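So this block is target_12.cif, mmCIF, C-alpha atoms and all ligand atoms:
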```cif
data_model
loop_
_atom_site.label_atom_id
_atom_site.label_comp_id
_atom_site.auth_asym_id
_atom_site.auth_seq_id
_atom_site.Cartn_x
_atom_site.Cartn_y
_atom_site.Cartn_z
CA MET I 1 0.00 0.00 0.00
CA ILE I 2 1.30 3.44 -0.91
CA ASP I 3 -0.11 5.75 1.72
CA LEU I 4 -0.49 9.35 0.55
CA ARG I 5 -3.26 10.32 2.97
CA SER I 6 -1.06 12.52 5.15
CA ASP I 7 2.49 13.19 6.30
CA THR I 8 1.36 11.94 9.72
CA VAL I 9 1.43 8.29 8.64
CA THR I 10 5.21 7.93 8.89
CA ALA I 11 6.78 5.47 11.32
CA PRO I 12 9.66 6.61 13.56
CA ASP I 13 13.01 5.63 12.05
CA GLU I 14 15.89 3.83 13.79
CA ALA I 15 17.46 7.08 15.06
CA MET I 16 14.17 8.12 16.65
CA ARG I 17 13.64 4.70 18.25
CA GLU I 18 17.19 4.84 19.59
CA ALA I 19 16.59 8.37 20.94
CA ALA I 20 13.45 7.15 22.71
CA ALA I 21 15.19 4.12 24.17
CA THR I 22 18.19 6.05 25.46
CA ALA I 23 16.55 9.35 26.51
CA THR I 24 17.52 10.73 29.91
CA VAL I 25 14.20 11.39 31.62
CA GLY I 26 12.67 12.95 34.73
CA ASP I 27 9.31 14.27 35.87
CA ASP I 28 8.42 17.11 33.52
CA VAL I 29 5.74 18.42 35.89
CA TYR I 30 8.69 19.31 38.15
CA GLY I 31 10.57 20.67 35.13
CA GLU I 32 13.04 17.81 35.57
CA ASP I 33 13.03 16.00 32.26
CA PRO I 34 16.35 17.02 30.68
CA THR I 35 15.34 15.79 27.23
CA VAL I 36 12.11 17.81 27.25
CA ASN I 37 14.06 20.83 28.50
CA GLU I 38 16.59 20.40 25.71
CA LEU I 39 13.85 20.13 23.10
CA GLU I 40 12.10 23.27 24.39
CA THR I 41 15.39 25.22 24.45
CA ARG I 42 16.32 24.05 20.96
CA ALA I 43 12.86 24.92 19.64
CA GLY I 44 13.14 28.42 21.10
CA GLU I 45 16.49 28.86 19.34
CA ILE I 46 15.31 27.61 15.96
CA LEU I 47 12.07 29.59 16.05
CA GLU I 48 13.85 32.60 17.61
CA CYS I 49 11.27 32.83 20.36
CA GLU I 50 12.06 33.48 24.03
CA ALA I 51 10.53 30.20 25.15
CA ALA I 52 8.80 27.06 23.90
CA LEU I 53 6.53 24.35 25.27
CA PHE I 54 6.35 20.72 24.16
CA VAL I 55 2.75 19.55 23.79
CA PRO I 56 1.18 16.29 22.63
CA THR I 57 -0.62 17.66 19.56
CA GLY I 58 -0.94 20.65 17.29
CA THR I 59 -4.61 20.93 18.12
CA MET I 60 -3.78 21.27 21.80
CA ALA I 61 -1.13 23.91 21.04
CA ASN I 62 -3.59 25.97 19.00
CA GLN I 63 -6.27 25.70 21.66
CA ILE I 64 -3.85 26.67 24.42
CA ALA I 65 -2.66 29.67 22.43
CA ALA I 66 -6.21 30.88 21.84
CA ARG I 67 -7.01 30.55 25.53
CA VAL I 68 -3.89 32.41 26.68
CA HIS I 69 -4.30 35.31 24.25
CA THR I 70 -8.01 35.97 24.81
CA GLU I 71 -10.83 36.56 27.30
CA ARG I 72 -14.13 34.71 27.22
CA GLY I 73 -16.66 36.29 24.88
CA GLN I 74 -14.13 37.74 22.49
CA GLU I 75 -13.83 37.00 18.80
CA ILE I 76 -11.05 35.24 16.96
CA VAL I 77 -10.49 36.19 13.34
CA CYS I 78 -9.18 33.40 11.12
CA GLU I 79 -9.29 32.20 7.52
CA GLN I 80 -12.54 30.36 6.80
CA ASN I 81 -10.83 27.10 5.87
CA SER I 82 -8.26 27.19 8.64
CA HIS I 83 -7.65 24.11 10.78
CA ILE I 84 -8.28 25.95 14.05
CA TYR I 85 -11.81 26.76 12.87
CA ARG I 86 -12.82 23.76 10.79
CA TRP I 87 -11.07 20.75 12.26
CA GLU I 88 -10.77 21.29 16.01
CA LEU I 89 -14.33 20.41 17.07
CA GLY I 90 -15.27 24.01 17.74
CA GLY I 91 -12.83 23.90 20.62
CA LEU I 92 -12.44 27.67 20.55
CA ALA I 93 -16.03 27.96 21.79
CA GLN I 94 -15.86 24.96 24.09
CA HIS I 95 -12.53 25.63 25.79
CA SER I 96 -12.25 29.38 25.68
CA GLY I 97 -15.75 30.80 25.16
CA LEU I 98 -14.72 32.42 21.89
CA GLN I 99 -16.83 33.37 18.92
CA THR I 100 -15.11 32.71 15.62
CA ARG I 101 -15.16 35.14 12.75
CA PRO I 102 -14.17 33.06 9.72
CA VAL I 103 -12.99 35.24 6.84
CA ALA I 104 -12.56 34.19 3.19
CA GLY I 105 -8.90 34.69 2.36
CA THR I 106 -7.29 34.57 -1.06
CA ASP I 107 -7.18 31.32 -3.05
CA ARG I 108 -3.87 30.64 -1.34
CA GLY I 109 -5.38 31.12 2.11
CA VAL I 110 -3.80 34.51 2.75
CA LEU I 111 -5.57 37.00 5.02
CA GLU I 112 -4.68 40.34 3.51
CA PRO I 113 -4.30 43.31 5.88
CA THR I 114 -7.40 45.08 4.54
CA LEU I 115 -9.47 41.99 5.41
CA ILE I 116 -8.07 41.96 8.91
CA GLU I 117 -8.78 45.67 9.36
CA GLN I 118 -12.35 45.11 8.13
CA HIS I 119 -13.04 42.22 10.45
CA ILE I 120 -11.48 43.36 13.68
CA ALA I 121 -14.23 44.41 16.06
CA THR I 122 -13.53 46.96 18.73
CA GLY I 123 -15.33 46.25 21.98
CA ASP I 124 -18.02 48.91 22.20
CA ASP I 125 -21.16 48.15 24.20
CA HIS I 126 -22.55 45.90 21.44
CA ARG I 127 -19.64 44.14 19.81
CA PRO I 128 -17.59 41.35 21.38
CA GLY I 129 -14.17 42.77 20.53
CA THR I 130 -11.44 40.84 18.75
CA GLY I 131 -9.08 38.95 21.04
CA LEU I 132 -6.90 37.20 18.49
CA VAL I 133 -6.06 36.83 14.83
CA SER I 134 -4.94 33.33 13.83
CA LEU I 135 -2.98 32.68 10.63
CA GLU I 136 -2.02 29.36 9.03
CA ASN I 137 1.17 28.50 7.10
CA THR I 138 1.45 26.35 5.12
CA HIS I 139 -2.27 26.60 4.50
CA ASN I 140 -3.56 23.04 4.41
CA ALA I 141 -6.96 23.50 2.77
CA ALA I 142 -5.54 25.86 0.14
CA GLY I 143 -3.19 23.04 -0.88
CA GLY I 144 -0.12 23.44 1.31
CA THR I 145 0.54 26.96 0.10
CA ALA I 146 3.75 28.47 1.46
CA ILE I 147 2.74 32.00 2.43
CA ALA I 148 5.65 34.47 2.37
CA PRO I 149 6.96 36.12 5.56
CA SER I 150 6.02 39.51 4.08
CA ALA I 151 2.34 38.46 3.99
CA ILE I 152 2.52 37.24 7.59
CA GLU I 153 4.10 40.55 8.62
CA ALA I 154 1.50 42.60 6.76
CA ALA I 155 -1.31 40.73 8.52
CA THR I 156 0.41 41.08 11.87
CA THR I 157 0.99 44.81 11.39
CA ALA I 158 -2.74 45.28 10.74
CA ALA I 159 -3.71 43.26 13.82
CA HIS I 160 -1.17 44.94 16.07
CA ALA I 161 -2.35 48.38 14.94
CA ALA I 162 -5.64 47.44 16.63
CA ASN I 163 -3.82 45.97 19.64
CA VAL I 164 -4.81 42.43 18.68
CA PRO I 165 -2.21 39.65 19.08
CA VAL I 166 -1.48 37.11 16.33
CA HIS I 167 -1.05 33.36 16.57
CA LEU I 168 0.50 31.40 13.71
CA ASP I 169 -0.67 27.84 13.16
CA GLY I 170 2.52 26.57 11.61
CA ALA I 171 1.87 22.84 11.76
CA ARG I 172 3.82 22.71 8.47
CA LEU I 173 5.81 25.93 8.85
CA TRP I 174 8.98 23.89 8.27
CA ASN I 175 7.69 23.17 4.76
CA ALA I 176 7.08 26.88 4.13
CA ALA I 177 10.66 27.64 5.20
CA VAL I 178 12.05 25.01 2.82
CA ALA I 179 9.81 26.22 -0.03
CA HIS I 180 11.10 29.78 0.39
CA ASP I 181 14.62 28.58 1.21
CA ILE I 182 14.87 30.79 4.30
CA PRO I 183 15.22 30.13 8.05
CA VAL I 184 11.94 29.26 9.74
CA ALA I 185 12.44 32.15 12.17
CA ARG I 186 11.72 34.58 9.32
CA PHE I 187 8.06 33.61 9.67
CA THR I 188 7.89 33.99 13.42
CA ALA I 189 9.54 37.40 13.83
CA SER I 190 6.31 39.40 13.92
CA VAL I 191 3.79 37.00 15.49
CA ASP I 192 2.99 36.62 19.20
CA SER I 193 2.93 32.82 19.23
CA VAL I 194 3.54 29.94 16.86
CA MET I 195 2.72 26.24 16.76
CA CYS I 196 4.88 23.81 14.77
CA ALA I 197 4.32 20.07 14.47
CA LEU I 198 7.05 17.51 14.97
CA SER I 199 4.73 14.67 13.98
CA LYS I 200 4.01 15.71 10.39
CA GLY I 201 6.72 16.05 7.73
CA LEU I 202 9.56 15.77 10.26
CA GLY I 203 8.37 12.30 11.16
CA ALA I 204 8.32 12.28 14.98
CA PRO I 205 5.86 9.81 16.48
CA ILE I 206 4.23 12.36 18.80
CA GLY I 207 4.32 16.03 19.59
CA SER I 208 4.14 19.68 18.63
CA LEU I 209 5.84 22.85 19.82
CA LEU I 210 4.24 26.05 21.00
CA ALA I 211 6.55 29.06 21.18
CA GLY I 212 6.36 32.71 22.21
CA SER I 213 7.46 35.11 24.94
CA VAL I 214 8.40 33.91 28.43
CA PRO I 215 5.14 35.17 30.02
CA PHE I 216 3.13 33.60 27.18
CA ILE I 217 4.77 30.20 27.69
CA GLU I 218 4.36 30.44 31.50
CA SER I 219 0.63 30.92 30.98
CA ALA I 220 0.58 28.23 28.28
CA ARG I 221 2.11 25.73 30.72
CA ARG I 222 -0.72 26.39 33.18
CA ILE I 223 -3.38 26.06 30.47
CA ARG I 224 -1.79 22.85 29.19
CA LYS I 225 -2.39 21.43 32.67
CA LEU I 226 -5.96 22.75 32.67
CA PHE I 227 -6.58 21.06 29.31
CA GLY I 228 -5.27 17.80 30.80
CA GLY I 229 -1.75 17.79 29.46
CA GLY I 230 0.92 17.99 32.14
CA TRP I 231 3.17 15.06 31.33
CA ARG I 232 5.81 13.08 33.15
CA GLN I 233 8.82 11.25 31.59
CA ALA I 234 8.06 12.79 28.23
CA GLY I 235 11.74 12.61 27.25
CA MET I 236 10.73 9.29 25.72
CA VAL I 237 8.94 11.26 23.01
CA ALA I 238 10.97 14.48 23.22
CA GLY I 239 14.09 12.47 22.22
CA PRO I 240 12.57 11.47 18.87
CA GLY I 241 11.32 15.07 18.62
CA LEU I 242 14.91 16.36 18.82
CA GLU I 243 15.89 13.88 16.10
CA ALA I 244 12.96 15.10 14.01
CA LEU I 245 14.19 18.71 14.20
CA GLY I 246 17.23 17.51 12.28
CA ASN I 247 15.04 16.33 9.39
CA ARG I 248 14.00 19.79 8.19
CA ASP I 249 16.18 19.88 5.06
CA GLY I 250 14.78 16.51 4.01
CA LEU I 251 11.42 18.15 3.32
CA GLN I 252 12.83 19.36 0.00
CA ALA I 253 12.64 15.77 -1.28
CA ASP I 254 8.96 15.58 -0.26
CA HIS I 255 8.28 18.77 -2.23
CA GLU I 256 10.01 17.39 -5.33
CA ARG I 257 8.00 14.17 -5.07
CA ALA I 258 4.81 16.22 -4.82
CA GLN I 259 5.79 17.91 -8.10
CA THR I 260 6.37 14.54 -9.75
CA LEU I 261 3.09 13.20 -8.44
CA ALA I 262 1.12 16.25 -9.60
CA ALA I 263 2.65 16.07 -13.07
CA GLY I 264 1.87 12.34 -13.28
CA LEU I 265 -1.74 12.76 -12.16
CA ASN I 266 -2.28 15.61 -14.60
CA GLU I 267 -1.70 13.16 -17.46
CA PHE I 268 -5.00 11.41 -16.71
CA ASP I 269 -8.38 12.48 -18.08
CA GLY I 270 -10.70 13.50 -15.28
CA LEU I 271 -7.93 14.45 -12.84
CA SER I 272 -6.60 17.97 -12.54
CA ALA I 273 -3.81 18.53 -10.02
CA HIS I 274 -3.10 21.96 -8.58
CA GLU I 275 0.51 23.07 -8.84
CA PRO I 276 1.97 22.07 -5.44
CA GLU I 277 4.02 24.59 -3.44
CA THR I 278 5.09 22.10 -0.76
CA ASN I 279 4.16 18.46 0.00
CA ILE I 280 0.39 18.64 -0.53
CA VAL I 281 -1.24 17.91 -3.89
CA LEU I 282 -4.90 18.81 -4.36
CA VAL I 283 -6.59 17.13 -7.30
CA ASP I 284 -9.93 18.16 -8.78
CA THR I 285 -11.88 15.20 -10.13
CA ASP I 286 -14.64 14.54 -12.67
CA GLN I 287 -16.01 11.60 -10.69
CA PRO I 288 -17.15 11.88 -7.08
CA ALA I 289 -14.01 11.96 -4.94
CA ALA I 290 -15.40 9.39 -2.49
CA ASP I 291 -15.64 6.81 -5.31
CA LEU I 292 -12.09 7.48 -6.46
CA VAL I 293 -10.75 7.12 -2.92
CA GLN I 294 -12.26 3.61 -2.84
CA THR I 295 -11.04 2.70 -6.31
CA PHE I 296 -7.49 3.83 -5.56
CA GLU I 297 -7.54 2.07 -2.20
CA SER I 298 -8.53 -1.18 -3.91
CA GLY I 299 -5.51 -0.80 -6.18
CA GLY I 300 -3.01 -0.02 -3.44
CA VAL I 301 -2.94 3.78 -3.28
CA ARG I 302 -4.36 5.78 -0.41
CA CYS I 303 -5.42 9.41 -0.51
CA VAL I 304 -8.24 11.37 1.16
CA ARG I 305 -11.39 13.03 -0.05
CA PHE I 306 -11.01 16.78 0.33
CA GLY I 307 -14.33 17.91 -1.10
CA GLU I 308 -17.07 16.36 -3.23
CA TYR I 309 -14.85 16.52 -6.32
CA ARG I 310 -11.44 16.96 -4.76
CA LEU I 311 -8.73 14.63 -3.45
CA ARG I 312 -5.68 15.36 -1.32
CA PHE I 313 -2.36 13.52 -1.64
CA VAL I 314 0.50 14.26 0.76
CA THR I 315 4.12 13.20 0.27
CA HIS I 316 6.28 12.29 3.27
CA ARG I 317 9.61 10.83 4.34
CA ASP I 318 8.50 7.20 4.25
CA LEU I 319 8.09 7.38 0.45
CA THR I 320 10.72 6.91 -2.22
CA ASP I 321 10.83 8.14 -5.83
CA ASP I 322 9.90 4.58 -6.82
CA ALA I 323 6.80 4.68 -4.61
CA ILE I 324 5.59 7.80 -6.41
CA ALA I 325 6.20 6.20 -9.81
CA THR I 326 4.37 3.06 -8.69
CA ALA I 327 1.44 5.09 -7.35
CA ILE I 328 1.09 6.79 -10.74
CA GLU I 329 1.26 3.44 -12.56
CA ARG I 330 -1.37 1.93 -10.29
CA ILE I 331 -3.71 4.87 -10.76
CA ASP I 332 -3.17 4.61 -14.52
CA SER I 333 -4.30 0.99 -14.57
CA LEU I 334 -7.24 1.70 -12.21
CA LEU I 335 -8.55 4.51 -14.41
C1 LIG I 401 -2.46 18.76 11.57
C2 LIG I 401 -2.75 20.20 11.76
C3 LIG I 401 -3.09 20.69 13.02
C4 LIG I 401 -3.31 19.81 14.23
O1 LIG I 401 -2.24 19.02 14.59
P1 LIG I 401 -2.52 17.63 15.35
O2 LIG I 401 -1.18 17.27 15.88
O3 LIG I 401 -3.05 16.68 14.33
O4 LIG I 401 -3.50 17.91 16.44
C5 LIG I 401 -3.30 22.04 13.14
N1 LIG I 401 -3.18 22.86 12.08
C6 LIG I 401 -2.86 22.43 10.85
C7 LIG I 401 -2.73 23.39 9.74
C8 LIG I 401 -2.64 21.07 10.65
O5 LIG I 401 -2.36 20.63 9.42
#
```
Rewrite the coordinates I just gave you, this time as C-alpha cells.
Ligand SMILES: *Cc1c(COP(=O)(O)O)cnc(C)c1O
Amino acid sequence: MIDLRSDTVTAPDEAMREAAATATVGDDVYGEDPTVNELETRAGEILECEAALFVPTGTMANQIAARVHTERGQEIVCEQNSHIYRWELGGLAQHSGLQTRPVAGTDRGVLEPTLIEQHIATGDDHRPGTGLVSLENTHNAAGGTAIAPSAIEAATTAAHAANVPVHLDGARLWNAAVAHDIPVARFTASVDSVMCALSKGLGAPIGSLLAGSVPFIESARRIRKLFGGGWRQAGMVAGPGLEALGNRDGLQADHERAQTLAAGLNEFDGLSAHEPETNIVLVDTDQPAADLVQTFESGGVRCVRFGEYRLRFVTHRDLTDDAIATAIERIDSLL
C-alpha cells in the first residue's frame, strides 16, 4: 500500500527509536526532564522565540494559544478554511468561550491586511471585541501553500495596529521555510505565538511545539495542565522530537516528489492537479471523490477526499521516488 493520505502516517526511524530508548528522563511536571528541557530550548532557538513548550498535539497547542491570548466572549479572526476553525471540534467555543469570525482569504489562504482591518471588532457596548487573529502557514486547505513572511508581517501589522495579538498555526511551517529557502524564524519574527508540528513532515511519532514570549509560555504551561496535558517522563517522546528537528532539510525531497506526483496525475483524463508549493497535492476530479478514494484504495494507493470533487495527496519521508512512480502506474491501470 502506498499511503499518501497525510504526512502523519510515517513510522519513527531507527534514530528516533534509539533516541526514545536512550533518553535521559525525569518528571516534567517538576521541570526535571532534561530531554524535554533540551527540546524546548532548541525549539526556542530555531524559532527565535524566548521560550517554547512541548505539547502532545498541534490541536492542543492551537487551543492553548487561543485561551492564553483571549478573554471569554471575544472573537477570533481566522481564515474560513483554517484548521483551528474547521477541524478542532469548535474547541475555541468549548474551551475558551470564543466566537469565531471566519474570513474568506485569497485562493492561497492569505488574510490580507485590509481583510483583517475590516473584520477586527472593537469592543463597544454591542460588539464582542477581537481577542486574536490566527494565521495558518502552510495553509492546508488551500493546498499546502507556502505563504511568504512579508504576507505574515503585513497581517500582523494590521492586527497589532488594533492591539490584537497574532497566533501562527505553523503545523507545516517547516515546509514553508524550505519552499522559500529561508530560516523558519523569518516567519515567526512578527507574530505573538507559533505552533509547529514535529509529527508531520519531520516524522516524529508524537508532539508539537508552541513558542512565544516567556510570560506567554508560562501561561501556556498552566493552560496545558488545565486542558489535561501535564506530562511526566516525556523525554521518551521528546528524544525522537529532537531527532525530528534535524530532518528539516529533508522536506525538500517531499516537495520534489509532490511535483512529480502532480505532473503524473495531470496526465490522466478526469484528474486535474493543482501546482503544489510544498508536499500537498490537491486534485480536482470529474467523478465523485469518495468513489475514487475507494477505487485507488482497492488498487493499493491511499489518498483522502477533500471535497465532493477533490482529493488530497501528501508526500512524506516514508516514500521513495519509486513509490511515487508506482502510485502513478497503479492509478493509470485503475482509471
Ligand atoms: C495537523 C494540523 C493541526 C493539528 O495538529 P494535530 O497534531 O493533528 O492535532 C493544526 N493545524 C494544521 C494546519 C494542521 O495541518
Excluding same-chain residues fewer than 5 positions from Asn247 of chain I, what lies within 12 Å of it counting all atoms listed in the file, as a PyMOL selection string? chain I and resi 12-13+15-16+174-175+178+198-204+240-242+252-254+316-317
Residues within 12 Å of segment 320-322 of chain I, all atoms listed in the file, excluding chain neighbours under 4 positions, as a VMD selection string: chain I and resid 2 to 4 253 to 261 315 to 316 326 to 329
Excluding Ala197 of chain I and residues on its chain fewer than 6 positions from it, collect all residues at most 9 Å away from it, counting only C-alpha atoms, and give them as a PyMOL selection string. chain I and resi 57-58+170-174+204+206-210
Generate a file of the selected residues that holds C-alpha atoms, formatted as an mmCIF file, keeping the file's coordinate frame.
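Contents of selection-v3.cif, freshly written:
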```cif
data_model
loop_
_atom_site.group_PDB
_atom_site.id
_atom_site.type_symbol
_atom_site.label_atom_id
_atom_site.label_comp_id
_atom_site.auth_asym_id
_atom_site.auth_seq_id
_atom_site.Cartn_x
_atom_site.Cartn_y
_atom_site.Cartn_z
ATOM 1 C CA THR I 57 -0.620 17.660 19.560
ATOM 2 C CA GLY I 58 -0.940 20.650 17.290
ATOM 3 C CA GLY I 170 2.520 26.570 11.610
ATOM 4 C CA ALA I 171 1.870 22.840 11.760
ATOM 5 C CA ARG I 172 3.820 22.710 8.470
ATOM 6 C CA LEU I 173 5.810 25.930 8.850
ATOM 7 C CA TRP I 174 8.980 23.890 8.270
ATOM 8 C CA ALA I 204 8.320 12.280 14.980
ATOM 9 C CA ILE I 206 4.230 12.360 18.800
ATOM 10 C CA GLY I 207 4.320 16.030 19.590
ATOM 11 C CA SER I 208 4.140 19.680 18.630
ATOM 12 C CA LEU I 209 5.840 22.850 19.820
ATOM 13 C CA LEU I 210 4.240 26.050 21.000
#
```
When you count all atoms listed in the file, which of these residues is closest to Asn81 of chain I: I:Val166, I:Leu135, I:Ile46, I:Val36? I:Leu135
Students should find that atom CA of Cys303 of chain I and atom CA of Ala238 of chain I are spaced 29.3 Å
List the neighbours of Ala104 of chain I out to 8 Å using all atoms listed in the file; skip same-chain residues closer than 2 positions along the sequence, and give me the result as a PyMOL selection string. chain I and resi 79-81+102+106+109+111
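Taking all atoms listed in the file into account, the residues near (6.0, 23.6, 34.2), no farther than 12 Å, are I:Asp27, I:Asp28, I:Val29, I:Tyr30, I:Gly31, I:Glu32, I:Asp33, I:Val36, I:Asn37, I:Glu40, I:Ala52, I:Leu53, I:Phe54, I:Val55, I:Ile217, I:Glu218, I:Ser219, I:Ala220, I:Arg221, I:Arg222, I:Ile223, I:Arg224, I:Lys225, I:Gly229, I:Gly230, I:Trp231, I:Arg232.
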Pick from I:Leu168, I:Ala19, I:Val110, I:Ala43: nearest to Ile84 of chain I, with all atoms listed in the file counted?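 Closest residue, counting all atoms listed in the file: I:Leu168.
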Compute the distance from (-3.9, 2.8, -7.4) to each atom, counting all atoms listed in the file, keep the residues with any atom at most 8 Å away, and return them as a list in words; use the coordinates of the file. Thr295, Phe296, Glu297, Ser298, Gly299, Gly300, Val301, Arg302, Ala327, Ile328, Glu329, Arg330, Ile331, Asp332, Ser333 and Leu334 of chain I
Would you please work out which residue, of I:Gly105, I:Pro128, I:Gly144, I:Gly264, is nearest to ligand LIG 401 (chain I) when using only C-alpha atoms and all ligand atoms?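 Checking each candidate against ligand LIG 401 (chain I), we get I:Gly144 as the closest.
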Near-Pro165 of chain I list (10 Å; all atoms listed in the file; drop same-chain fewer than 2 positions) as a list in words: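 Residues near the query, excluding close chain neighbours: His69, Thr70, Thr130, Gly131, Leu132, Val133, Ser134, Thr156, Thr157, Ala159, His160, Ala161, Ala162, Asn163, His167, Ser190, Val191, Asp192 and Ser193 of chain I.
Distances from I:Cys196, I:Ala23, I:Ala262, I:Ala179 to ligand LIG 401 (chain I) were compared using all atoms listed in the file, and the smallest one belongs to I:Cys196.
Comparing the minimum interatomic distances between ligand LIG 401 (chain I) and each of I:Ala158, I:Ala66, I:Ala141, I:Val304, counting all atoms listed in the file, we find that I:Ala141 sits nearest.
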Quick one: pull the distance between atom CA of Arg86 of chain I and atom CA of Thr10 of chain I, Å, one decimal.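 Those two atoms sit 24.1 Å apart.
Using all atoms listed in the file for every distance, the candidate list I:Thr8, I:Gln287, I:Ser150, I:Asn266 yields I:Thr8 as the residue closest to ligand LIG 401 (chain I).
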